[in-house]
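Colleague: protein22.cif is reproduced below (mmCIF, C-alpha atoms).
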```cif
data_model
#
loop_
_atom_site.label_atom_id
_atom_site.label_comp_id
_atom_site.auth_asym_id
_atom_site.auth_seq_id
_atom_site.Cartn_x
_atom_site.Cartn_y
_atom_site.Cartn_z
CA MET A 26 162.27 78.09 28.10
CA SER A 27 160.24 80.94 26.63
CA ALA A 28 163.29 82.07 24.63
CA VAL A 29 163.69 78.57 23.19
CA VAL A 30 160.02 78.41 22.24
CA HIS A 31 160.34 81.82 20.62
CA GLN A 32 163.35 80.68 18.59
CA GLN A 33 161.58 77.52 17.45
CA ARG A 34 158.56 79.57 16.39
CA ASP A 35 160.78 81.93 14.39
CA VAL A 36 162.43 79.02 12.56
CA ARG A 37 159.07 77.42 11.71
CA ARG A 38 157.82 80.77 10.46
CA ALA A 39 161.01 81.17 8.42
CA ARG A 40 160.32 77.79 6.81
CA TYR A 41 156.95 78.94 5.47
CA ALA A 42 158.42 82.28 4.40
CA VAL A 43 161.18 80.60 2.38
CA ALA A 44 158.59 78.24 0.86
CA ALA A 45 156.59 81.27 -0.28
CA VAL A 46 159.73 82.77 -1.85
CA PHE A 47 160.35 79.51 -3.72
CA ALA A 48 156.77 79.62 -5.03
CA VAL A 49 157.19 83.23 -6.17
CA HIS A 50 160.44 82.33 -7.94
CA GLY A 51 158.74 79.47 -9.76
CA ALA A 52 155.76 81.63 -10.71
CA VAL A 53 158.05 84.06 -12.56
CA THR A 54 159.46 81.19 -14.62
CA GLY A 55 155.99 79.86 -15.42
CA SER A 56 154.74 83.32 -16.37
CA PHE A 57 157.62 83.84 -18.79
CA ALA A 58 157.58 80.40 -20.41
CA THR A 59 153.96 80.60 -21.55
CA ARG A 60 154.49 83.90 -23.39
CA VAL A 61 157.64 83.02 -25.33
CA PRO A 62 155.71 82.79 -28.65
CA TRP A 63 154.34 86.33 -28.12
CA ILE A 64 157.80 87.60 -27.21
CA GLN A 65 159.24 86.00 -30.36
CA ASP A 66 156.64 87.70 -32.56
CA HIS A 67 157.06 91.06 -30.84
CA ALA A 68 160.85 91.00 -31.20
CA GLY A 69 160.58 89.75 -34.79
CA VAL A 70 163.11 86.95 -34.41
CA SER A 71 163.29 83.61 -36.18
CA ALA A 72 163.27 80.25 -34.45
CA GLY A 73 167.05 80.04 -34.69
CA GLN A 74 167.48 83.56 -33.30
CA LEU A 75 165.08 82.73 -30.48
CA GLY A 76 167.18 79.68 -29.66
CA LEU A 77 170.24 81.91 -29.45
CA ALA A 78 168.44 84.40 -27.19
CA LEU A 79 167.22 81.63 -24.89
CA ALA A 80 170.83 80.70 -24.15
CA PHE A 81 171.38 84.06 -22.45
CA PRO A 82 169.42 83.35 -19.23
CA ALA A 83 171.73 80.45 -18.40
CA LEU A 84 174.76 82.55 -19.34
CA GLY A 85 173.63 85.40 -17.10
CA ALA A 86 172.86 83.03 -14.24
CA SER A 87 176.20 81.25 -14.49
CA LEU A 88 178.16 84.51 -14.36
CA ALA A 89 176.09 86.17 -11.62
CA MET A 90 175.45 83.32 -9.17
CA PRO A 91 178.88 83.55 -7.48
CA LEU A 92 177.99 87.14 -6.52
CA ALA A 93 175.13 86.01 -4.28
CA GLY A 94 177.46 85.05 -1.42
CA SER A 95 179.19 88.44 -1.28
CA ILE A 96 175.85 90.26 -1.48
CA SER A 97 174.48 88.23 1.46
CA HIS A 98 177.69 88.84 3.41
CA ARG A 99 177.48 92.59 2.90
CA PHE A 100 173.77 93.19 3.50
CA GLY A 101 172.68 90.16 5.52
CA ALA A 102 170.70 87.20 4.22
CA ARG A 103 167.24 88.71 4.69
CA THR A 104 167.98 92.06 3.04
CA ALA A 105 169.91 90.37 0.25
CA LEU A 106 167.10 87.96 -0.54
CA ARG A 107 164.52 90.76 -0.41
CA GLY A 108 166.49 92.79 -2.94
CA LEU A 109 167.37 89.87 -5.20
CA ILE A 110 163.85 88.44 -5.34
CA ALA A 111 162.50 91.91 -6.18
CA LEU A 112 165.04 92.26 -9.00
CA TRP A 113 164.03 88.82 -10.30
CA THR A 114 160.29 89.48 -10.28
CA LEU A 115 160.74 92.89 -11.93
CA ALA A 116 163.07 91.38 -14.55
CA LEU A 117 160.02 89.49 -15.84
CA ILE A 118 158.98 92.72 -17.59
CA LEU A 119 162.15 93.06 -19.67
CA PRO A 120 161.83 90.31 -22.34
CA SER A 121 158.31 91.34 -23.35
CA VAL A 122 159.36 94.93 -24.08
CA ALA A 123 162.45 93.99 -26.14
CA PRO A 124 161.91 95.16 -29.75
CA ASN A 125 164.70 93.21 -31.47
CA LEU A 126 167.20 90.38 -31.09
CA LEU A 127 169.94 92.45 -29.42
CA THR A 128 167.69 93.92 -26.76
CA LEU A 129 166.04 90.53 -26.22
CA CYS A 130 169.43 88.92 -25.57
CA LEU A 131 170.33 91.69 -23.11
CA ALA A 132 166.95 91.41 -21.38
CA LEU A 133 167.28 87.65 -21.04
CA PHE A 134 170.83 88.01 -19.72
CA VAL A 135 169.55 90.25 -16.90
CA TYR A 136 166.56 87.94 -16.42
CA GLY A 137 168.90 84.97 -15.96
CA ALA A 138 171.37 86.84 -13.74
CA THR A 139 168.68 87.90 -11.29
CA ALA A 140 167.16 84.42 -11.40
CA GLY A 141 170.48 82.79 -10.52
CA MET A 142 171.41 85.12 -7.68
CA SER A 143 168.01 84.88 -6.01
CA ASP A 144 168.09 81.11 -6.54
CA VAL A 145 171.37 80.80 -4.62
CA ALA A 146 170.20 83.10 -1.83
CA MET A 147 166.91 81.30 -1.22
CA ASN A 148 168.51 77.85 -1.36
CA ALA A 149 171.17 78.90 1.15
CA LEU A 150 168.46 80.10 3.54
CA GLY A 151 166.48 76.91 2.93
CA VAL A 152 169.49 74.80 3.91
CA GLU A 153 169.96 76.84 7.09
CA VAL A 154 166.31 76.40 8.08
CA GLU A 155 166.60 72.66 7.37
CA ASN A 156 169.65 72.43 9.64
CA ARG A 157 167.91 74.26 12.46
CA LEU A 158 164.73 72.21 12.21
CA ASP A 159 166.85 69.03 11.99
CA LYS A 160 164.58 67.52 9.35
CA SER A 161 164.48 67.50 5.58
CA ILE A 162 162.57 70.36 3.92
CA MET A 163 164.51 71.01 0.70
CA SER A 164 162.46 68.64 -1.42
CA GLY A 165 159.27 70.32 -0.26
CA LEU A 166 160.73 73.75 -0.97
CA HIS A 167 161.51 72.74 -4.54
CA GLY A 168 158.03 71.27 -4.70
CA MET A 169 156.71 74.74 -3.85
CA TRP A 170 158.81 76.09 -6.73
CA SER A 171 157.12 73.58 -9.04
CA ALA A 172 153.70 74.57 -7.68
CA GLY A 173 154.51 78.23 -8.29
CA ALA A 174 155.63 77.45 -11.82
CA LEU A 175 152.36 75.62 -12.48
CA ILE A 176 150.34 78.58 -11.15
CA GLY A 177 152.37 81.04 -13.19
CA SER A 178 152.01 78.96 -16.34
CA ALA A 179 148.27 78.54 -15.78
CA ALA A 180 147.83 82.31 -15.51
CA GLY A 181 150.02 82.77 -18.57
CA THR A 182 148.00 80.23 -20.54
CA LEU A 183 144.82 82.11 -19.67
CA ALA A 184 146.40 85.42 -20.69
CA ALA A 185 147.53 83.94 -24.00
CA HIS A 186 144.10 82.39 -24.57
CA ILE A 187 142.33 85.75 -24.27
CA GLY A 188 144.98 87.43 -26.41
CA ALA A 189 146.36 89.69 -23.68
CA ASP A 190 149.42 91.78 -24.49
CA ALA A 191 152.38 90.13 -22.74
CA ARG A 192 153.72 93.55 -21.71
CA LEU A 193 150.58 94.19 -19.68
CA HIS A 194 150.40 90.60 -18.44
CA HIS A 195 154.02 90.59 -17.25
CA ALA A 196 153.76 94.07 -15.70
CA LEU A 197 150.78 92.97 -13.61
CA ALA A 198 152.37 89.64 -12.73
CA ALA A 199 155.62 91.36 -11.76
CA ALA A 200 153.77 93.80 -9.50
CA VAL A 201 151.87 91.05 -7.69
CA LEU A 202 154.86 88.74 -7.36
CA THR A 203 157.17 91.53 -6.19
CA VAL A 204 154.78 92.41 -3.37
CA ALA A 205 154.37 88.74 -2.46
CA GLY A 206 158.11 88.02 -2.52
CA VAL A 207 159.20 91.11 -0.59
CA THR A 208 156.48 90.53 2.00
CA ALA A 209 157.50 86.89 2.53
CA CYS A 210 161.11 87.94 3.03
CA ALA A 211 160.13 89.80 6.20
CA TRP A 212 160.02 86.44 8.03
CA VAL A 213 163.05 84.61 6.64
CA LEU A 214 166.08 84.13 8.89
CA ASP A 215 168.18 87.27 9.19
CA LEU A 216 171.61 85.67 9.06
CA ARG A 217 174.61 87.96 9.38
CA PRO A 218 178.34 87.24 9.30
CA ALA A 219 180.54 87.51 12.36
CA GLU A 220 182.44 90.78 12.71
CA ASP A 221 185.78 89.09 11.99
CA GLU A 222 184.48 86.90 9.14
CA GLU A 223 186.20 87.51 5.84
CA PRO A 224 183.87 88.35 2.95
CA PRO A 225 183.70 85.68 0.26
CA PRO A 226 185.37 86.45 -3.09
CA ARG A 227 183.10 87.97 -5.70
CA PHE A 228 184.23 85.39 -8.23
CA ALA A 229 185.79 82.06 -7.32
CA LEU A 230 185.90 78.56 -8.65
CA PRO A 231 183.47 76.26 -6.81
CA PRO A 232 185.05 73.93 -4.23
CA ARG A 233 185.84 70.36 -5.26
CA SER A 234 182.99 69.03 -3.13
CA ALA A 235 180.54 71.17 -5.11
CA LEU A 236 181.89 69.79 -8.39
CA LEU A 237 181.25 66.21 -7.29
CA ILE A 238 177.78 67.00 -5.97
CA GLY A 239 177.08 69.08 -9.06
CA ALA A 240 177.89 66.09 -11.28
CA ILE A 241 174.89 64.24 -9.82
CA GLY A 242 172.76 67.34 -10.29
CA PHE A 243 173.99 67.56 -13.88
CA CYS A 244 172.71 64.05 -14.62
CA ALA A 245 169.32 64.75 -13.03
CA VAL A 246 168.78 68.11 -14.75
CA PHE A 247 169.88 66.66 -18.10
CA ALA A 248 167.20 63.98 -17.75
CA GLU A 249 164.67 66.59 -16.66
CA GLY A 250 165.39 68.93 -19.56
CA ALA A 251 165.37 66.10 -22.08
CA SER A 252 162.09 64.68 -20.78
CA LEU A 253 160.35 68.03 -20.43
CA ASP A 254 161.23 69.28 -23.90
CA TRP A 255 161.24 66.01 -25.86
CA SER A 256 158.69 63.67 -24.25
CA ALA A 257 155.80 64.92 -26.40
CA VAL A 258 157.96 64.80 -29.53
CA TYR A 259 159.07 61.27 -28.63
CA LEU A 260 155.51 59.99 -28.42
CA ARG A 261 154.43 61.82 -31.56
CA ASP A 262 157.37 60.89 -33.80
CA GLN A 263 158.65 57.64 -32.34
CA LEU A 264 155.30 56.05 -31.41
CA GLU A 265 152.99 58.00 -33.76
CA THR A 266 150.52 59.13 -31.10
CA SER A 267 148.08 62.02 -31.28
CA ALA A 268 149.11 65.52 -30.25
CA GLY A 269 146.76 65.41 -27.27
CA LEU A 270 148.21 62.18 -25.91
CA ALA A 271 151.74 63.42 -26.48
CA ALA A 272 150.99 66.61 -24.52
CA ALA A 273 149.42 64.55 -21.73
CA CYS A 274 152.71 62.68 -21.39
CA THR A 275 154.59 65.91 -20.67
CA THR A 276 151.92 66.97 -18.20
CA GLY A 277 152.18 63.61 -16.44
CA PHE A 278 155.94 63.94 -16.18
CA THR A 279 155.66 67.42 -14.64
CA LEU A 280 152.91 66.38 -12.25
CA THR A 281 154.86 63.32 -11.09
CA MET A 282 157.87 65.50 -10.33
CA ALA A 283 155.81 67.99 -8.33
CA ILE A 284 154.08 65.29 -6.26
CA ALA A 285 157.34 63.46 -5.58
CA ARG A 286 159.00 66.66 -4.38
CA MET A 287 156.14 67.44 -2.03
CA ALA A 288 156.38 63.96 -0.49
CA GLY A 289 160.15 63.60 -0.74
CA ASP A 290 161.07 65.07 2.65
CA HIS A 291 159.39 62.22 4.53
CA VAL A 292 161.40 59.68 2.54
CA VAL A 293 164.65 61.55 3.11
CA ASP A 294 164.05 61.82 6.86
CA ARG A 295 163.51 58.07 7.06
CA TYR A 296 166.19 56.74 4.72
CA GLY A 297 168.73 59.56 4.36
CA ALA A 298 169.92 61.43 1.30
CA VAL A 299 172.30 58.76 -0.04
CA ARG A 300 169.83 55.87 -0.07
CA THR A 301 167.05 58.12 -1.36
CA VAL A 302 169.14 59.35 -4.29
CA ARG A 303 170.43 55.86 -5.03
CA ALA A 304 166.87 54.52 -5.17
CA SER A 305 165.79 57.54 -7.21
CA GLY A 306 168.49 56.80 -9.74
CA VAL A 307 167.32 53.21 -10.07
CA VAL A 308 163.73 54.38 -10.65
CA ALA A 309 164.92 56.86 -13.29
CA VAL A 310 166.91 54.11 -15.05
CA LEU A 311 163.86 51.84 -15.08
CA GLY A 312 161.88 54.71 -16.59
CA GLY A 313 164.54 55.21 -19.25
CA VAL A 314 164.52 51.52 -20.14
CA LEU A 315 160.73 51.59 -20.54
CA ILE A 316 161.00 54.65 -22.80
CA VAL A 317 163.71 53.17 -25.00
CA PHE A 318 162.06 49.78 -25.47
CA ALA A 319 158.43 50.94 -25.61
CA GLU A 320 156.53 49.95 -28.73
CA HIS A 321 153.24 51.46 -27.55
CA PRO A 322 152.34 54.78 -25.91
CA ALA A 323 151.33 53.39 -22.50
CA PRO A 324 154.75 51.95 -21.53
CA ALA A 325 156.50 55.09 -22.78
CA MET A 326 154.18 57.33 -20.76
CA GLY A 327 154.81 55.11 -17.74
CA GLY A 328 158.53 55.44 -18.39
CA PHE A 329 158.40 59.24 -18.44
CA ALA A 330 156.33 59.19 -15.24
CA LEU A 331 159.00 57.01 -13.59
CA MET A 332 161.69 59.33 -14.90
CA GLY A 333 159.96 62.27 -13.24
CA LEU A 334 159.56 60.32 -10.02
CA GLY A 335 163.21 59.28 -10.07
CA ILE A 336 164.83 62.66 -10.62
CA ALA A 337 162.41 64.81 -8.60
CA VAL A 338 164.30 64.99 -5.30
CA VAL A 339 167.85 64.74 -6.63
CA VAL A 340 168.52 68.43 -7.25
CA PRO A 341 167.01 69.59 -3.92
CA LEU A 342 169.22 67.08 -2.10
CA CYS A 343 172.25 68.25 -4.10
CA PHE A 344 171.62 71.81 -2.92
CA ALA A 345 171.18 70.60 0.66
CA ALA A 346 174.41 68.60 0.52
CA ALA A 347 176.30 71.52 -1.03
CA GLY A 348 175.15 73.79 1.77
CA ARG A 349 176.69 71.43 4.32
CA SER A 350 179.80 70.47 2.38
CA GLY A 351 182.14 73.27 3.39
CA ALA A 352 182.73 76.49 5.25
CA ASN A 353 181.08 78.67 2.59
CA PRO A 354 177.57 77.35 1.83
CA SER A 355 176.71 80.11 -0.66
CA LEU A 356 179.81 79.42 -2.74
CA ALA A 357 179.14 75.68 -2.78
CA ILE A 358 175.47 76.17 -3.64
CA ALA A 359 176.44 78.63 -6.40
CA GLY A 360 178.82 76.02 -7.81
CA VAL A 361 176.15 73.31 -7.87
CA ALA A 362 173.60 75.75 -9.30
CA THR A 363 175.98 76.77 -12.09
CA ILE A 364 176.52 73.15 -13.08
CA THR A 365 172.80 72.34 -13.06
CA TYR A 366 171.92 75.50 -15.03
CA THR A 367 174.53 74.50 -17.61
CA SER A 368 173.02 71.04 -17.84
CA GLY A 369 169.56 72.48 -18.36
CA LEU A 370 170.95 74.68 -21.11
CA ILE A 371 172.70 71.99 -23.13
CA ALA A 372 170.30 69.05 -22.61
CA PRO A 373 167.53 70.00 -25.09
CA SER A 374 169.97 70.87 -27.89
CA ALA A 375 172.18 67.83 -27.20
CA ILE A 376 169.16 65.54 -27.44
CA GLY A 377 168.13 67.19 -30.71
CA LEU A 378 171.57 66.96 -32.27
CA LEU A 379 171.98 63.32 -31.31
CA ALA A 380 168.48 62.52 -32.58
CA GLN A 381 169.28 64.17 -35.89
CA ALA A 382 172.49 62.15 -36.23
CA THR A 383 170.94 58.84 -35.09
CA SER A 384 167.42 58.68 -33.66
CA LEU A 385 165.41 60.00 -30.75
CA MET A 386 165.49 56.56 -29.17
CA VAL A 387 169.29 56.68 -29.09
CA SER A 388 169.08 60.09 -27.45
CA PHE A 389 167.12 58.59 -24.58
CA VAL A 390 169.66 55.81 -24.29
CA LEU A 391 172.06 58.62 -23.33
CA VAL A 392 169.52 59.92 -20.79
CA THR A 393 169.25 56.44 -19.30
CA VAL A 394 173.03 56.09 -19.06
CA LEU A 395 173.30 59.43 -17.25
CA SER A 396 170.55 58.29 -14.89
CA CYS A 397 172.82 55.41 -13.94
CA GLY A 398 175.25 58.07 -12.73
CA ILE A 399 172.67 59.30 -10.24
CA ALA A 400 172.51 55.90 -8.58
CA GLY A 401 176.19 55.11 -8.99
CA PHE A 402 177.57 58.29 -7.44
CA ALA A 403 174.94 58.87 -4.75
CA SER A 404 177.54 58.26 -2.04
CA VAL A 405 179.03 61.67 -2.88
CA LEU A 406 176.14 63.13 -0.86
CA ARG A 407 177.20 61.24 2.27
CA ALA A 408 179.31 64.11 3.64
CA GLY A 409 176.30 66.38 3.60
CA ASP A 410 173.68 63.85 4.64
CA ARG A 411 171.77 65.44 7.49
CA THR A 412 170.81 62.05 8.91
CA LYS A 413 174.51 61.19 9.37
CA ILE A 414 175.27 64.33 11.37
CA THR A 415 174.83 64.38 15.12
CA ARG A 416 173.26 67.70 15.99
CA PRO A 417 171.97 67.60 19.59
CA ASP A 418 171.19 71.30 19.47
CA ALA A 419 169.86 71.43 15.93
CA ALA A 420 166.22 71.75 16.91
CA VAL A 421 166.99 74.67 19.21
CA PRO A 422 168.82 77.29 17.16
CA GLY A 423 171.12 79.59 19.00
CA PRO A 424 171.75 83.22 18.19
CA ARG A 425 173.89 83.97 15.17
CA PRO A 426 176.18 86.99 15.18
#
```
Written as structure tokens, how would this file's structure read?
Modeller:
Amino acid sequence: MSAVVHQQRDVRRARYAVAAVFAVHGAVTGSFATRVPWIQDHAGVSAGQLGLALAFPALGASLAMPLAGSISHRFGARTALRGLIALWTLALILPSVAPNLLTLCLALFVYGATAGMSDVAMNALGVEVENRLDKSIMSGLHGMWSAGALIGSAAGTLAAHIGADARLHHALAAAVLTVAGVTACAWVLDLRPAEDEEPPPRFALPPRSALLIGAIGFCAVFAEGASLDWSAVYLRDQLETSAGLAAACTTGFTLTMAIARMAGDHVVDRYGAVRTVRASGVVAVLGGVLIVFAEHPAPAMGGFALMGLGIAVVVPLCFAAAGRSGANPSLAIAGVATITYTSGLIAPSAIGLLAQATSLMVSFVLVTVLSCGIAGFASVLRAGDRTKITRPDAAVPGPRP
């Protein structure tokens, strides 16, 4: 009995350790995002050149994420995550020291590659902890990422306000976050492959199950990217609101997402992934309808809040389903992550191009239609729905070779 209690304690401790890693990962993103204007001025690039450079993180992530599985197989999950999270936190320094467009693109490529690989590794460990605890935790883990991003962006806002050099700011942030991330990794699960287990391919197409799950994630991330980048513009240009009220709309959207993710695990445990995502899609569609037909700021702000509430738990549940959809969780998670990263890359520009050709309202009609896909295809998550799997020994993890 003492051995069982010890194992349960280790899994609970691993849950908090992975949550801390998620927060560190988010804090890097928040720290970078707030200093983009400084980085643009330092590199001497135009708005168009900056837009080109900002495509390189997604490109780097998409190419590097399939490598995460082979790295974990070779070094073990704990050592792999420790190394990858350290590379990611230290990569924060690179964009701020880039003196021109070429070096900025290279820096952002490395920044995105390390982000993607550490993202896959920590999500794979999160899925394993969820399986062993036999209860949903992925929504809460992504909520911790959002909390970390808010903390990182708050610190970055303060640094920008006092006129701090981003090179110094990011060097200090990288040092603190590297120590925090590496320390947290000491308590994550140390998963290792069996002696006769074949290493995963370094590059491989994602399995078909990951493509289907990724399609739902694509819809959710498209709505997230569109709302995050265009909600303030929508209120300012479409409804002629003040800049302060427009900014408050974006803040409300972000806050709604973070709160929903923190509370989402309880809903998933009670209703299962499929019904939760189906209901989430309906809420997102209702939000989109409010946005499209709003003639005053209040309904539009309510619509963006509903959009944030509706899409908040979809991506975490897609990662969880991918991790249970086949024999190679890292490969499936990498496939889903690649699709969602791609969606996040193209959403802001797609909304802008469509708005230029028609109107911003029409752009959010597209967002609303894609939100219908979340509800309509939620059953794809059934194969990986933890509540549908009988796991009599799930709460008592056994040793893993």
Colleague: Give me the residues near Ser87 (chain A) as JSON, numbers by chain, where near means some atom within 9 Å (using only C-alpha atoms) and where sequence neighbours in that chain fewer than 3 positions away do not count.
Modeller: {"A": [82, 83, 84, 90, 91, 137, 138, 141, 359, 360, 362, 363, 364, 366, 367]}
Colleague: Got a sec to check which residues sit within 10 Å of (154.8, 81.6, -13.2), counting all atoms listed in the file, and write them as number ranges by chain?
Modeller: A: 48-59, 117, 170-181, 195, 198-199, 202
Colleague: Name all residues at most 7 Å from Val302 (chain A) (count only C-alpha atoms; drop same-chain ones fewer than 3 positions away) and give them as a ChimeraX atom specification.
Modeller: /A:298-299,305-306,339,399-400,403
Colleague: What would the selection look like, as a VMD selection string, if the PyMOL selection byres ((chain A and resi 369) around 12) were run on the coordinates I just shared?
Modeller: chain A and resid 79 to 80 82 to 84 86 to 87 242 to 254 340 362 to 368 370 to 376
Colleague: Starting from the displayed file, determine the output of the PyMOL selection byres ((chain A and resi 147) around 9) and express the residue list as a count of residues only.
Modeller: 16
Colleague: Starting from the PyMOL selection byres ((chain A and resi 103) around 7), expand the selection into actual residues of this file and give them as a PyMOL selection string.
Modeller: chain A and resi 101-102+104-107+210+213-216
Colleague: Nearest to Ser95 (chain A): which of A:Ala268, A:Ala44, A:Ala288, A:Leu356 is it, counting all atoms listed in the file?
Modeller: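 Nearest to Ser95 (chain A): A:Leu356.
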Colleague: Grab the CA of Ala111 (chain A) to CA of Gly94 (chain A) distance for me, in Å with one decimal place.
Modeller: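 Interatomic distance here is 17.1 Å.
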Colleague: With 12 Å as the threshold, what does the neighbourhood of (151.5, 60.1, -29.9) contain in terms of residues, counting all atoms listed in the file? Coordinates are those of the file; answer as number ranges by chain.
Modeller: A: 256-275, 320-323, 325-326
Colleague: Which residue is closest to Leu115 (chain A)? Choose from A:Leu197, A:Leu127, A:Met169, A:Ala240 and count all atoms listed in the file.
Modeller: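 Of A:Leu197, A:Leu127, A:Met169, A:Ala240, the one nearest Leu115 (chain A) is A:Leu197, counting all atoms listed in the file.
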Colleague: Nearest to Val292 (chain A): which of A:Leu385, A:Leu119, A:Ala39, A:Ile162 is it, counting only C-alpha atoms?
Modeller: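 Residue with the minimum atom-to-atom distance to Val292 (chain A): A:Ile162.
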Colleague: Write out as a list in words each polymer residue whose atoms come within 8 Å of Pro124 (chain A), counting all atoms listed in the file; drop sequence neighbours fewer than 4 positions from it.
Modeller: His67, Ala68, Gly69, Thr128 and Leu129 of chain A
Colleague: As a short mmCIF file (atom, residue, chain, number, x, y, z; two decimals) with C-alpha atoms, keeping the file's coordinate frame, please: the residues near region 308-312 of chain A (cut-off 10 Å, only C-alpha atoms, same-chain neighbours under 4 positions excluded).
Modeller:
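Dumped everything to part-v5.cif:
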```cif
data_model
loop_
_atom_site.label_atom_id
_atom_site.label_comp_id
_atom_site.auth_asym_id
_atom_site.auth_seq_id
_atom_site.Cartn_x
_atom_site.Cartn_y
_atom_site.Cartn_z
CA ALA A 245 169.32 64.75 -13.03
CA ALA A 248 167.20 63.98 -17.75
CA VAL A 302 169.14 59.35 -4.29
CA ARG A 303 170.43 55.86 -5.03
CA ALA A 304 166.87 54.52 -5.17
CA ILE A 316 161.00 54.65 -22.80
CA VAL A 317 163.71 53.17 -25.00
CA PRO A 324 154.75 51.95 -21.53
CA ALA A 325 156.50 55.09 -22.78
CA MET A 326 154.18 57.33 -20.76
CA GLY A 327 154.81 55.11 -17.74
CA GLY A 328 158.53 55.44 -18.39
CA PHE A 329 158.40 59.24 -18.44
CA ALA A 330 156.33 59.19 -15.24
CA LEU A 331 159.00 57.01 -13.59
CA MET A 332 161.69 59.33 -14.90
CA GLY A 333 159.96 62.27 -13.24
CA LEU A 334 159.56 60.32 -10.02
CA GLY A 335 163.21 59.28 -10.07
CA ILE A 336 164.83 62.66 -10.62
CA ALA A 337 162.41 64.81 -8.60
CA VAL A 390 169.66 55.81 -24.29
CA VAL A 392 169.52 59.92 -20.79
CA THR A 393 169.25 56.44 -19.30
CA VAL A 394 173.03 56.09 -19.06
CA LEU A 395 173.30 59.43 -17.25
CA SER A 396 170.55 58.29 -14.89
CA CYS A 397 172.82 55.41 -13.94
CA GLY A 398 175.25 58.07 -12.73
CA ILE A 399 172.67 59.30 -10.24
CA ALA A 400 172.51 55.90 -8.58
#
```
